[in-house]
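Below is one structure, written out as structure tokens; comments come after it.
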Amino acid sequence: MSSNGAAARSGASPARTRSRVRGRLAAPVATRANALHPGAWWLWALGLGTAASRTTNPLLLGLLVAVAGYVVAARRTDAPWARSYGAFIKLGLLVLAIRLVFAVVLGSPIPGSTVLFRLPEVPLPDWAQGIRLGGKVTAEGLLFALYDGLKLATLLICIGAANALANPARLLKSLPGALYEAGVAVVVAMTFAPQFLVDLQRLRRARRLRGRPDKGIRGLAQVGLPVLEGALERSVALAAAMDARGYGRSADVPAPVRRLTAVCTLGGLAGVCAGTYGLLAAQGAGFGLPVLLGGLALALVGLWLGGKRSLRTRYRPDRWDLRAWLVSASGVAVAALMIAAASADPAALHPGVVPPTAPELPLWPAASVLIGLLPAFVAPAPPRASAPAPAEARATGPVQGPRRKEAS
Amino acid sequence: MIRFEDVSVTYDGAASPTIGGVDLTVPEGELVLLVGPSGVGKSTLLGTVSGLVPHFTGGTLRGRVTVAGRDTRTHKPRELADVVGTVGQDPLSHFVTDTVEDELAYGMESLGIAPDVMRRRVEETLDLLGLAELRDRPIATLSGGQQQRVAIGSVLTPHPKVLVLDEPTSALDPAAAEEVLAVLQRLVHDLGTTVLMAEHRLERVVQYADQVVLLPGSGEAPVVGTPAEIMAVSPVFPPVVGLGRLTGWSPLPLTVRDARRRAASLRERLAGVTPPSPGGVTPPMSGGVRPPLPGGVTPPSADGVTPPLPGGVTRRAAGTELSTGTELSTGGGELSVGGGSFEGARPPGGRGLSRLLGRAKPAPTPPTDSTPASHPTAKAASLAVHRGRIEALRRVDLTVSPGETIALMGRNGAGKSTLLSAFVGLLQPSSGSVQVAGAVPHRTAPRDLIRRVGLVPQEPRDLLYADTVSGECTAADADAGAAAGTCRALVEELLPGIQDDTHPRDLSEGQRLALALAVVLTARPPLLLLDEPTRGLDYAAKARLVTVLRGLAADGHAIVLATHDVELAAELAHRVVILAEGEVVADGPTEEVVVSSPAFAPQVGKILAPLPWLTVGQVRTALRELGEIG
């Protein structure tokens with residue numbers, strides 16, 4: 001346990017000292033001091049996503065979705081970004097539906113003999129050879145599309161989980177100093193988007209006050225200009241405020257260092273490109289990896305040197321503590337075990353489509369997916385009025401309770 | 001701390017300098033107030049201190065401004081960030097991050113202050129400004145006063161020597177403004193921060209100032225002096241100063257407390273006089289108003305002719321049919337006098353009659369039982385409105401009669417704007433009913449609705465789409481189905497001498513408000529709603545607005561204004577309705593509701609309490625009647 005986490009816990013609740021052993025094991029209530037590093041959430045989610053990309057077994061994919069969903073349910077806060085999870089689930093379902101519709105309308109390359117029904121086929125001219133519209137729809141083709149769509153949907157849901165659990169603004173704060181300004185631009189854009197919508201609504205309402213219909217495309221078009229004007233004015237005001245608050249102050253960096261920065265960054269990027277090409281192209285496999293790694297190292301040195309120009313310090317950065325290690329490791333473990341399983345027993349992870357067979361749940365891969373549940377127990381729990389663990393709620397009640405009540 | 005050496009600023013394309021001949025010094029640890037009518041360059045002068053003028057805005061700066069020894073010509077705003085903290089008019093456009101704690105740290109991060117120092121200063125600032133409870137809150141969910149305090153805190157954490165504030169309280173309700181001013185006071189007294197601030201609402205700030213800088217006109221050299229000196233000559237002044245000037249008090253009182261001490265004799269002289277209606281014109285009729293509070297506002301009778309009676313103060317706004325007639329009311333056995341026939345703000349009955357009648361006074365609203373209620377212009381009955389999961393309004397009953405002016409007051413977020421929105425059908429009631437001129441607003445087509453009710457929103461610019469004044473007027477005539485030229489005639493009346501081809505954006509706040517008002521009035525709605533009309537208006541623009549609105553009320557328009565401006569409410573409103581947490585907590589004639597409230601009483605009300613006098617205008621008229629002033 002890092003000193004940071006321990007300090008926060010002892011500070012947060014003296015009652016905890018009574019049950020020290022239990023307190024050491026149970027997840028603390030999330031505060032700013034012990035907040036899990038957003039990078040850890042992303043690593044965990046990407047691990048699950050990688051695992052999803054290695055299998056088409058619907059049972060395993062369902063298990064992955066369930067694991068991600070459980071962790072989100074257990075650990076997300078009521079912050080605005082946390083509400084995006086539902087949207088990602090809908091997006092996943094939409095992708096699945098589109099995949100199925102395409103398989104029905106455009107047919108499928110999977111050879112199948114079980115014809116479910118036939119759509120009237122549209123005759124296409126010669127130049128559209130290879131494309132089919134309508135025609136027979138086979139069970140095999142549909143099943144393949146279903147598995148494939150499910151895989152994509154699971155990937156999306158894993159990304160959605162990361163989005164819901166990690167504060168995007170804090171993730172951007174963890175960027176290296178040289179990329180800081182790009183991060184600010186993104187944060188500002190994120191706070192402007194809702195404001196933009198509010199403006200749009202306000203001006204559409206104002207149209208009603210002028211006695212014009214406030215619905216329809218024309219109404220939207222007419223308020224477009226004033227809304228943009230308002231957004232522009234606000235950006236200018238924000239730019240002035242940021243300037244007056246010291247944004248863009250830079251340290252004096254000697255010219256050689258600046259030149260070295262440029263060389264490192266450009267050289268590094270070139271190395272990354274060449275290395276990637278080597279890895280992908282058939283004949284360059286030998287030099288690909290070393291060039292890629294060398295390029296990456298050079299680029300990192302460039303970023304580090306570039307960071308020297310910025311005077312900025314970080315206020316309460318998120319620390320990578322033991323819990324972050326555990327969360328990210330659980331994601332990496334799921335991915336690694338799934339990759340290992342895929343090479344050991346590919347048949348179990350890819351149930352047969354031609355002929356269709358009932359998918360079976362392979363025991364070991366399923367068990368390894370369950371490792372992904374670890375964050376639901378080790379990550380700091382968001383404070384909640386109806387906390388699942390009553391002892392926890394009571395211990396922190398006097399500190400957290402009133403504050404949250406007033407906050408809401 | 002700040003030195004201006006013969007500074008003038010000319011913006012690109014402007015014929016004459018916006019500010020000129022500024023030559024003054026702001027000593028360390030003083031609170032200096034910048035006053036002057038709209039458009040004289042107050043914001044420009046503030047901008048020169050932070051370096052935003054001319055580095056950010058463009059234009060030419062002549063002369064030299066030095067802040068803590070740094071010349072703003074050679075230092076960009078970001079290089080002054082550690083000595084000058086600037087908060088602009090709109091705190092929302094000031095925020096870079098999304099939570100309170102990050103926002104407080106942002107400036108220090110930019111300056112590269114060590115993490116442990118940052119942590120300590122954030123904690124100190126949270127306590128200093130009373131923000132500790134809010135540290136994790138998203139900024140967007142805070143109230144206006146809280147946001148303003150966060151904005152001040154965010155520039156305070158780098159420990160600047162100078163704080164520059166542009167209208168820090170004009171958007172706030174009276175209580176939130178007190179909050180912010182208390183913080184500023186503390187900074188000046190405890191930390192020795194130099195504060196330079198511009199503010200229109202002088203009644204809120206002038207007593208805190210060590211020095212006042214008056215900008216008399218655009219490009220004219222400023223006048224500097226102590227608050228009392230400047231207030232004696234300033235074209236803009238708060239009501240307390242107005243009263244002091246009227247009665248010739250010297251030195252001029254700046255606070256209610258000073259004025260109260262000197263006002264003993266004035267109170268005595270006025271005790272027997274009936275204040276004229278604060279609205280100036282009494283509404284011709286009214287109905288559905290709650291009966292006046294018993295006894296609460298009865299001025300003690302100085303001459304002892306009429307003993308105070310426990311019964312309700314009976315008042316009779318009486319239309320012309322009652323004119324000067326007196327009548328014996330049944331309830332309290334008390335004489336009352338009709339005021340309907342008196343023009344302007346003349347006290348009814350004149351000196352002799354009021355003396356004779358003691359406490360008799362006309363009131364804008366008659367008792368509910370004696371006058372047959374006319375058909376109300378608008379009526380909300382046990383209205384409830386939900387916004388998301390928040391109950392913005394609960395069981396609100398409000399009846400608006402023709403010719404009546406109602407001020408809606410209450411904290412930010414108390415439901416004032418929601419109530420106005422419900423009256424124009426922008427929000428659908430979740431229970432209860434709203435009726436405006438016989439129609440249900442949210443079920444009426446916009447084209448039809450604008451002939452029944454008009455709303456001037458908080459930001460009048462929202463109503464203006466065209467790029468010239470004449471274009472706007474043509475569109476308004478078409479929208480309202482009015483004869484061509486109707487709107488232009490109204491503009492000419494409200495805003496004489498405005499050019500046809502002026503872009504609405506180039507108008508001042510007050511002019512834009514007048515244009516939006518003209519656009520709304522083109523459809524001749526019997527009910528006129530205004531949301532925060534005096535935000536950003538100087539006293540002159542406010543006085544013009546008061547005249548216009550009084551005229552409209554006299555024509556029979558019912559007016560409802562949501563406002564934080566207690567002085568405006570005192571000048572204009574016949575009735576004040578106070579909302580809190582979506583409920584009506586007080587509803588009654590202005591002088592009753594307002595005099596007894598510490599937050600909503602106007603300055604004159606506080607000075608002359610318990611007498612129900614609200615405005616300098618009333619007192620002037622009365623003194624003239626008494627023959628004490630010319």
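So you can find residues: chains in the structure tokens are A, B, ... in the order shown, residues in each start at 1, and ligands are numbered from 1 in order.
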
- request: Tell me which protein, DNA and RNA residues are within 12 Å of stretch 216-230 of chain A, counting only C-alpha atoms, leaving out same-chain ones fewer than 2 positions away, and put them as a PyMOL selection string.
  value: (chain A and resi 192-193+195-208+210-214+232-237) or (chain B and resi 93+459+461-467+505)

Output C-alpha atoms for every residue in the selection just made, as a tab-separated table (two decimals), in the first residue's frame.
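So part32.tsv came out as:
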```tsv
chain	number	residue	atom	x	y	z
A	192	PHE	CA	-17.80	24.05	-24.20
A	193	ALA	CA	-19.90	21.35	-25.80
A	195	GLN	CA	-22.54	25.11	-22.97
A	196	PHE	CA	-23.10	25.13	-26.70
A	197	LEU	CA	-26.17	22.94	-26.32
A	198	VAL	CA	-27.50	25.22	-23.57
A	199	ASP	CA	-27.06	28.21	-25.88
A	200	LEU	CA	-28.83	26.43	-28.69
A	201	GLN	CA	-31.75	25.65	-26.44
A	202	ARG	CA	-31.91	29.17	-25.09
A	203	LEU	CA	-31.92	30.74	-28.51
A	204	ARG	CA	-34.56	28.35	-29.83
A	205	ARG	CA	-36.68	29.35	-26.88
A	206	ALA	CA	-36.02	32.98	-27.73
A	207	ARG	CA	-37.41	32.35	-31.21
A	208	ARG	CA	-40.64	31.37	-29.57
A	210	ARG	CA	-40.48	36.40	-31.17
A	211	GLY	CA	-43.55	34.49	-32.23
A	212	ARG	CA	-41.75	32.18	-34.59
A	213	PRO	CA	-42.04	28.42	-34.47
A	214	ASP	CA	-39.26	27.01	-32.33
A	232	LEU	CA	-16.87	32.65	-30.38
A	233	GLU	CA	-17.29	35.50	-27.92
A	234	ARG	CA	-17.00	33.12	-25.02
A	235	SER	CA	-13.86	31.59	-26.45
A	236	VAL	CA	-12.30	35.00	-26.79
A	237	ALA	CA	-13.24	35.83	-23.21
B	93	SER	CA	-16.17	32.40	-19.18
B	459	GLU	CA	-29.85	38.55	-22.34
B	461	ARG	CA	-29.53	40.04	-27.44
B	462	ASP	CA	-31.14	36.60	-27.67
B	463	LEU	CA	-34.18	38.26	-29.18
B	464	LEU	CA	-32.27	40.11	-31.85
B	465	TYR	CA	-31.34	38.33	-35.06
B	466	ALA	CA	-31.10	40.96	-37.76
B	467	ASP	CA	-27.98	42.95	-38.46
B	505	ARG	CA	-24.31	44.43	-31.32
```

Please identify all polymer residues within 8 Å of stretch 540-551 of chain B, counting only C-alpha atoms, omitting same-chain residues fewer than 2 positions from it, and present them as an mmCIF file with C-alpha atoms, in the first residue's frame.
```cif
data_model
loop_
_atom_site.group_PDB
_atom_site.id
_atom_site.type_symbol
_atom_site.label_atom_id
_atom_site.label_comp_id
_atom_site.auth_asym_id
_atom_site.auth_seq_id
_atom_site.Cartn_x
_atom_site.Cartn_y
_atom_site.Cartn_z
ATOM 1 C CA PRO B 37 -21.775 55.964 -16.646
ATOM 2 C CA VAL B 236 -23.820 58.323 -10.773
ATOM 3 C CA GLY B 279 -44.822 53.012 -8.635
ATOM 4 C CA GLY B 280 -45.683 56.608 -9.375
ATOM 5 C CA VAL B 281 -48.898 55.596 -11.024
ATOM 6 C CA LEU B 494 -37.894 54.356 -26.287
ATOM 7 C CA GLY B 510 -29.360 49.805 -22.148
ATOM 8 C CA ALA B 514 -34.790 49.173 -25.228
ATOM 9 C CA THR B 534 -31.098 46.169 -15.016
ATOM 10 C CA LEU B 537 -27.352 49.211 -16.726
ATOM 11 C CA ASP B 538 -26.067 52.401 -15.194
ATOM 12 C CA ALA B 553 -48.198 50.392 -16.709
ATOM 13 C CA ALA B 554 -50.247 53.572 -16.907
ATOM 14 C CA ASP B 555 -51.431 52.427 -20.343
ATOM 15 C CA ILE B 559 -45.677 44.102 -15.928
ATOM 16 C CA LEU B 568 -35.613 49.150 -9.103
ATOM 17 C CA GLU B 571 -39.115 52.604 -7.827
ATOM 18 C CA LEU B 572 -41.415 50.600 -9.981
#
```

- request: Give me, as a ChimeraX atom specification, the contact residues of chain B against chain A at a cut-off of 6 Å, counting only C-alpha atoms.
  value: /B:77-78,81,93-94,107,109-110,112,115,446-447,450,462-463,479

Quick one: write out the picked residues with N, CA and C atoms as an mmCIF file, in the first residue's frame?
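Result written to out-v2.cif:
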```
data_model
loop_
_atom_site.group_PDB
_atom_site.id
_atom_site.type_symbol
_atom_site.label_atom_id
_atom_site.label_comp_id
_atom_site.auth_asym_id
_atom_site.auth_seq_id
_atom_site.Cartn_x
_atom_site.Cartn_y
_atom_site.Cartn_z
ATOM 1 N N PRO B 77 0.262 39.859 -20.579
ATOM 2 C CA PRO B 77 -0.622 39.488 -19.467
ATOM 3 C C PRO B 77 -0.121 38.263 -18.705
ATOM 4 N N ARG B 78 0.367 37.268 -19.431
ATOM 5 C CA ARG B 78 0.784 36.041 -18.734
ATOM 6 C C ARG B 78 2.000 36.284 -17.855
ATOM 7 N N ALA B 81 0.777 37.639 -14.573
ATOM 8 C CA ALA B 81 -0.212 36.801 -13.889
ATOM 9 C C ALA B 81 0.100 36.613 -12.415
ATOM 10 N N SER B 93 -17.127 32.438 -18.087
ATOM 11 C CA SER B 93 -16.166 32.400 -19.182
ATOM 12 C C SER B 93 -14.738 32.509 -18.655
ATOM 13 N N HIS B 94 -14.588 32.435 -17.356
ATOM 14 C CA HIS B 94 -13.280 32.566 -16.739
ATOM 15 C C HIS B 94 -12.704 31.194 -16.412
ATOM 16 N N GLY B 107 -4.234 28.458 -11.866
ATOM 17 C CA GLY B 107 -3.305 29.573 -12.031
ATOM 18 C C GLY B 107 -1.924 29.257 -11.474
ATOM 19 N N GLU B 109 -0.599 26.303 -11.154
ATOM 20 C CA GLU B 109 0.055 25.327 -12.037
ATOM 21 C C GLU B 109 0.751 26.036 -13.190
ATOM 22 N N SER B 110 0.045 27.039 -13.760
ATOM 23 C CA SER B 110 0.639 27.765 -14.884
ATOM 24 C C SER B 110 1.901 28.496 -14.461
ATOM 25 N N GLY B 112 3.940 27.502 -12.206
ATOM 26 C CA GLY B 112 4.970 26.579 -11.792
ATOM 27 C C GLY B 112 5.278 26.612 -10.310
ATOM 28 N N PRO B 115 4.335 21.838 -5.763
ATOM 29 C CA PRO B 115 3.107 21.126 -5.403
ATOM 30 C C PRO B 115 2.696 21.280 -3.937
ATOM 31 N N PRO B 446 -46.873 30.090 -30.996
ATOM 32 C CA PRO B 446 -46.062 31.278 -30.710
ATOM 33 C C PRO B 446 -46.608 32.548 -31.349
ATOM 34 N N ARG B 447 -47.072 32.428 -32.583
ATOM 35 C CA ARG B 447 -47.586 33.613 -33.296
ATOM 36 C C ARG B 447 -48.734 34.265 -32.567
ATOM 37 N N ILE B 450 -47.610 35.775 -28.758
ATOM 38 C CA ILE B 450 -46.897 37.042 -28.565
ATOM 39 C C ILE B 450 -47.860 38.219 -28.470
ATOM 40 N N ASP B 462 -30.567 37.836 -27.164
ATOM 41 C CA ASP B 462 -31.138 36.598 -27.667
ATOM 42 C C ASP B 462 -32.314 36.852 -28.594
ATOM 43 N N LEU B 463 -32.994 37.982 -28.388
ATOM 44 C CA LEU B 463 -34.183 38.261 -29.183
ATOM 45 C C LEU B 463 -33.837 38.898 -30.523
ATOM 46 N N ASP B 479 -43.537 39.514 -37.673
ATOM 47 C CA ASP B 479 -43.820 38.485 -36.664
ATOM 48 C C ASP B 479 -45.131 38.765 -35.957
#
```

message: For the helix (DSSP H, G or I) assignment from backbone DSSP, which residues of stretch 387-560 of chain B qualify? Please present them as a ChimeraX atom specification.
response: /B:416-423,441-443,446-449,460-463,469-480,486-494,504-506,509-521,539-554

task: Determine, counting only C-alpha atoms, which protein, DNA and RNA residues have an atom within 6 Å of an atom of stretch 213-220 of chain B; residues of the same chain fewer than 4 positions away are not included. Present the result as a list in words.
output: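 Once the nearby chain positions are removed, what remains is Pro17, Thr18, Ile19, Gly20, Leu34, Val35, Gly36, Val40 and Val224 of chain B.
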
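In terms of minimum interatomic distance to B:Ala175, B:Gln146 ranks closest within B:Gln89, B:Ser50, B:Ser421, B:Gln146, counting only C-alpha atoms.
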
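For B:Val188, the set of protein, DNA and RNA residues having any atom at most 7 Å away, when counting only C-alpha atoms and skipping those fewer than 6 positions along the same chain, is Gly29, Glu30, Leu31 and Thr194 of chain B.
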
Straight-line distance linking atom CA of B:Val32 with atom CA of B:Gln211, stated in Å to one decimal: 4.9 Å

- request: Would you please give, as a PyMOL selection string, all residues of stretch 57-196 of chain A that DSSP assigns to strand (DSSP E) based on the backbone?
  value: chain A and resi 115-122+133-138

Serialized selection, N, CA and C atoms, as a JSON list (two decimals), in the first residue's frame:
```
[["chain", "number", "residue", "atom", "x", "y", "z"],
["A", 115, "VAL", "N", -30.76, -22.91, -45.62],
["A", 115, "VAL", "CA", -31.35, -21.66, -46.09],
["A", 115, "VAL", "C", -32.57, -21.34, -45.23],
["A", 116, "LEU", "N", -32.53, -20.17, -44.62],
["A", 116, "LEU", "CA", -33.67, -19.78, -43.77],
["A", 116, "LEU", "C", -34.79, -19.21, -44.63],
["A", 117, "PHE", "N", -34.42, -18.23, -45.48],
["A", 117, "PHE", "CA", -35.41, -17.66, -46.40],
["A", 117, "PHE", "C", -34.65, -17.01, -47.54],
["A", 118, "ARG", "N", -35.42, -16.62, -48.52],
["A", 118, "ARG", "CA", -34.79, -15.97, -49.67],
["A", 118, "ARG", "C", -35.35, -14.57, -49.84],
["A", 119, "LEU", "N", -34.46, -13.61, -50.04],
["A", 119, "LEU", "CA", -34.92, -12.26, -50.37],
["A", 119, "LEU", "C", -34.89, -12.16, -51.88],
["A", 120, "PRO", "N", -35.77, -11.35, -52.45],
["A", 120, "PRO", "CA", -35.68, -11.14, -53.90],
["A", 120, "PRO", "C", -34.31, -10.55, -54.24],
["A", 121, "GLU", "N", -33.65, -11.12, -55.20],
["A", 121, "GLU", "CA", -32.30, -10.65, -55.53],
["A", 121, "GLU", "C", -32.37, -9.54, -56.56],
["A", 122, "VAL", "N", -31.62, -8.50, -56.32],
["A", 122, "VAL", "CA", -31.60, -7.37, -57.25],
["A", 122, "VAL", "C", -30.49, -7.63, -58.26],
["A", 133, "LEU", "N", -27.11, -8.23, -53.85],
["A", 133, "LEU", "CA", -28.18, -7.59, -53.07],
["A", 133, "LEU", "C", -29.32, -8.57, -52.95],
["A", 134, "GLY", "N", -29.68, -8.94, -51.75],
["A", 134, "GLY", "CA", -30.77, -9.89, -51.57],
["A", 134, "GLY", "C", -30.27, -11.31, -51.81],
["A", 135, "GLY", "N", -31.19, -12.18, -52.11],
["A", 135, "GLY", "CA", -30.80, -13.57, -52.32],
["A", 135, "GLY", "C", -31.04, -14.39, -51.08],
["A", 136, "LYS", "N", -30.42, -15.57, -51.06],
["A", 136, "LYS", "CA", -30.71, -16.50, -49.96],
["A", 136, "LYS", "C", -29.99, -16.06, -48.67],
["A", 137, "VAL", "N", -30.65, -16.32, -47.57],
["A", 137, "VAL", "CA", -30.07, -16.01, -46.27],
["A", 137, "VAL", "C", -29.90, -17.34, -45.53],
["A", 138, "THR", "N", -28.66, -17.65, -45.17],
["A", 138, "THR", "CA", -28.40, -18.94, -44.53],
["A", 138, "THR", "C", -28.21, -18.77, -43.03]]
```

Might you pull out every residue within 9 Å of B:Thr255, with only C-alpha atoms counted and same-chain residues fewer than 6 positions away left off, and present them as a compact mmCIF listing (two decimals) with N, CA and C atoms, in the first residue's frame?
```txt
# COMPACT_ATOMS: atom_id res chain seq x y z
N GLU B 203 -24.77 51.30 -4.62
CA GLU B 203 -25.37 51.18 -3.30
C GLU B 203 -24.78 49.97 -2.56
N VAL B 206 -20.09 51.31 -2.41
CA VAL B 206 -19.37 52.58 -2.22
C VAL B 206 -18.82 52.71 -0.80
N GLN B 207 -19.51 52.11 0.17
CA GLN B 207 -19.03 52.27 1.54
C GLN B 207 -17.74 51.50 1.83
N VAL B 240 -28.58 56.44 -1.18
CA VAL B 240 -28.25 57.06 0.11
C VAL B 240 -27.60 58.42 -0.12
N VAL B 241 -26.78 58.50 -1.16
CA VAL B 241 -26.13 59.77 -1.49
C VAL B 241 -27.17 60.73 -2.05
N GLN B 603 -32.32 51.35 0.03
CA GLN B 603 -31.56 52.14 1.01
C GLN B 603 -32.43 53.17 1.72
```

Selected residue of minimal separation from A:Gly307 among A:Pro375, A:Pro176, A:Gly295, A:Gly92, counting only C-alpha atoms: A:Pro176
